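The structure under discussion appears below in the form of structure tokens.
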Amino acid sequence: MHRRHLLAAALAAPAFSFLPALPAVAQGNKPPMRTRWNVTGSEGYDAIAFLGPLCGRDLYLNYYTAEADAFAPRLPAAIRAEIPRLADESDQSPFGLLWPKLANALSGAGVTTLDSVIALLADPDARLRPSYAANPNGSTEEWAWLRAQSARLARIFAAMREAGFPAFHREAIGAGFDGRIAEVQRALASYDVIHWQEKLTGRTFDPVINIVLLAFSKPHGVKMQGQTFLQAADYDTATTVRIAAHEMLHPPMPMDGPAATAALALLAKDPLIPRIVADHDPQWGYTTLEGMLDEDMAQALDQLISEALGVARNPADRWRKADDGIHVLAGAIYGMLRQDRWTETGGSIEAWLAKAVRAGRFDPPRLHAIAAQVLERPVNALWPIR
């Protein structure tokens with residue numbers, strides 16, 4: 001940290017001198033708008049998200065201590081004890097972070113009210129299994145865990161209903177919530193995220209982006225099935241655009257395809273990246289090498305999209321502050337894409353990755369060197385941040 005303060009003034013402007021300048025987007029040459037925004041709210045998703053504060057972790061209580069203190073005493077003692085226990089078990093299972101993964105798992109089956117959540121979990125084989133089978137973010141192991149815990153989860157949500165969560169939720173979102181939805185809808189109208197996602201991945205996206213504004217979702221922005229994601233209702237427009245730019249990229253390519261498989265085989269031999277995966281705080285997720293590659297490819301691309309749309313954060317600051325600095329790989333991939341003028345050229349990101357691996361750009365010395373340039377850290381001290 002001391003070194004960063006000493007060099008901040010010197011590095012602020014020339015830190016990316018090894019990278020090409022980003023092209024200006026000519027306003028007169030902009031393509032027709034591809035993106036259509038659809039903004040809503042959801043009692044059901046907010047009920048799932050409220051498991052975060054109720055599990056008692058600082059990650060969530062940093063935002064919702066007052067709300068958890070107000071609602072938790074309404075629940076039976078056994079349910080209050082069950083929620084943190086279930087969250088811990090979820091962390092240690094293939095399922096991962098409880099409420100974000102649960103929201104995603106239920107999203108294809110129609111989450112609207114708290115009653116809808118209870119109904120799905122009360123009969124998972126009939127109501128949930130068909131949509132889960134089509135979920136590209138799911139797995140057999142995750143389904144087995146969710147199926148085994150569905151009755152416990154249904155009891156928790158039933159207790160929340162008995163404790164008056166629907167009324168509690170209405171009070172939390174406030175009388176002006178519909179106005180907030182309309183305000184967000186208007187503010188997003190000029191941001192063509194879909195255009196840039198298609199250009200920088202080589203894929204085709206549906207033009208509609210669904211945003212669900214929630215009262216209890218911080219600090220997460222969470223992708224659901226399809227082109228839907230959850231976020232806090234009070235996030236500013238730039239944050240919303242950045243979340244949309246990121247979440248819809250998952251996965252940026254088939255993670256079992258030849259390009260990702262080749263990259264993962266090489267990264268597995270890296271002395272740093274697997275150590276980050278194994279040793280970082282699991283509350284941030286990304287506890288497999290595949291998960292880290294998926295996330296960091298998406299982060300590198302969303303940084304380029306955010307820069308093109310004028311809502312970007314400084315990359316060194318972004319990746320220093322996020323998740324205890326674990327996204328070293330994102331910085332390296334972003335740096336490579338900048339070197340290749342990817343914002344200007346675009347193309348198939350899967351083909352780009354395959355070519356970069358073949359060219360040796362993911363070999364540890366080269367990977368670490370470009371990460372160090374982007375992240376403004378010494379190459380031998382990329383992580384942990386001290």
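FYI, nothing fancy with the structure tokens labels: chains A, B, ... in order, residues from 1 per chain, ligands from 1 as they appear.
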
With a distance cut-off of 8 Å and only C-alpha atoms, select the neighbouring residues of stretch 73-88 of chain A, excluding the residue or stretch itself and same-chain residues fewer than 5 positions from it, and output the selection as a PyMOL selection string. chain A and resi 51+54-56+97-98+156+159-160+163

Under the rule of at most 7 Å, produce a per-residue listing of stretch 197-250 of chain A near stretch 296-316 of chain A: chain, number, name, the closest pair of atoms, and the distance in Å, as JSON lines, using only C-alpha atoms.
```
{"residue": "A:Ala238", "atom": "CA", "partner": "A:Val311", "partner_atom": "CA", "distance": 5.3}
{"residue": "A:Arg242", "atom": "CA", "partner": "A:Ser306", "partner_atom": "CA", "distance": 6.1}
{"residue": "A:Ala245", "atom": "CA", "partner": "A:Asp302", "partner_atom": "CA", "distance": 5.3}
{"residue": "A:His246", "atom": "CA", "partner": "A:Asp302", "partner_atom": "CA", "distance": 5.0}
{"residue": "A:Leu249", "atom": "CA", "partner": "A:Ala298", "partner_atom": "CA", "distance": 5.7}
{"residue": "A:His250", "atom": "CA", "partner": "A:Ala298", "partner_atom": "CA", "distance": 6.6}
```

For the residues selected in the previous step, produce a file with C-alpha atoms as a PDB file, in the first residue's frame.
```
ATOM      1  CA  ALA A 238     -23.283   3.581 -14.005  1.00  0.00           C
ATOM      2  CA  ARG A 242     -21.606  -2.239 -15.317  1.00  0.00           C
ATOM      3  CA  ALA A 245     -22.376  -5.588 -18.950  1.00  0.00           C
ATOM      4  CA  HIS A 246     -20.851  -8.218 -16.672  1.00  0.00           C
ATOM      5  CA  LEU A 249     -21.463 -12.592 -20.187  1.00  0.00           C
ATOM      6  CA  HIS A 250     -21.559 -15.699 -18.001  1.00  0.00           C
TER       7      HIS A 250
END
```

Given only C-alpha atoms as the basis, pick out the residue of A:Val277, A:Ile194, A:Leu367, A:Ile173 nearest to A:Pro32.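 Among the listed residues, A:Ile194 lies closest to A:Pro32.
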
In Å, with one decimal, what is the gap from atom CA of A:Asn135 to atom CA of A:Ser107?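 It comes out at 9.2 Å.
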
Give me, as a Markdown table, each residue of stretch 35-103 of chain A that comes within 10 Å of stretch 228-231 of chain A, together with its shortest interatomic pair and the distance in Å at one decimal, counting only C-alpha atoms, with rows ordered by chain and rising residue number.
```
| residue | atom | partner | partner_atom | distance |
| --- | --- | --- | --- | --- |
| A:Asn38 | CA | A:Thr228 | CA | 9.2 |
| A:Val39 | CA | A:Thr228 | CA | 9.7 |
| A:Thr40 | CA | A:Leu230 | CA | 9.7 |
| A:Gly41 | CA | A:Leu230 | CA | 9.0 |
| A:Ser42 | CA | A:Leu230 | CA | 9.4 |
| A:Tyr45 | CA | A:Leu230 | CA | 8.2 |
| A:Asp46 | CA | A:Leu230 | CA | 9.4 |
| A:Ala49 | CA | A:Leu230 | CA | 9.6 |
| A:Pro100 | CA | A:Leu230 | CA | 9.3 |
| A:Ala103 | CA | A:Leu230 | CA | 9.2 |
```

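Around A:Val328, within 8 Å and counting only C-alpha atoms, the residues found are Ile273, Trp319, Ala332, Ala371, Leu375, Leu382 and Trp383 of chain A, once anything fewer than 4 positions away on its own chain is removed.
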
Residues at most 12 Å from A:Thr261, counting only C-alpha atoms, excluding those fewer than 2 positions away in the same chain, as a VMD selection string? chain A and resid 253 to 259 263 to 268 289 to 290 293 to 294 350 353 to 354 357

As a PyMOL selection string, list the residues of stretch 163-244 of chain A assigned to alpha helix (DSSP H) by DSSP on the backbone atoms of this structure. chain A and resi 165-173+177-188+193-201+237-244

Do you know which residues are at most 7 Å from A:Ala232 counting only C-alpha atoms, after dropping those on the same chain fewer than 5 positions away, and could you put them as a PyMOL selection string? chain A and resi 213-218
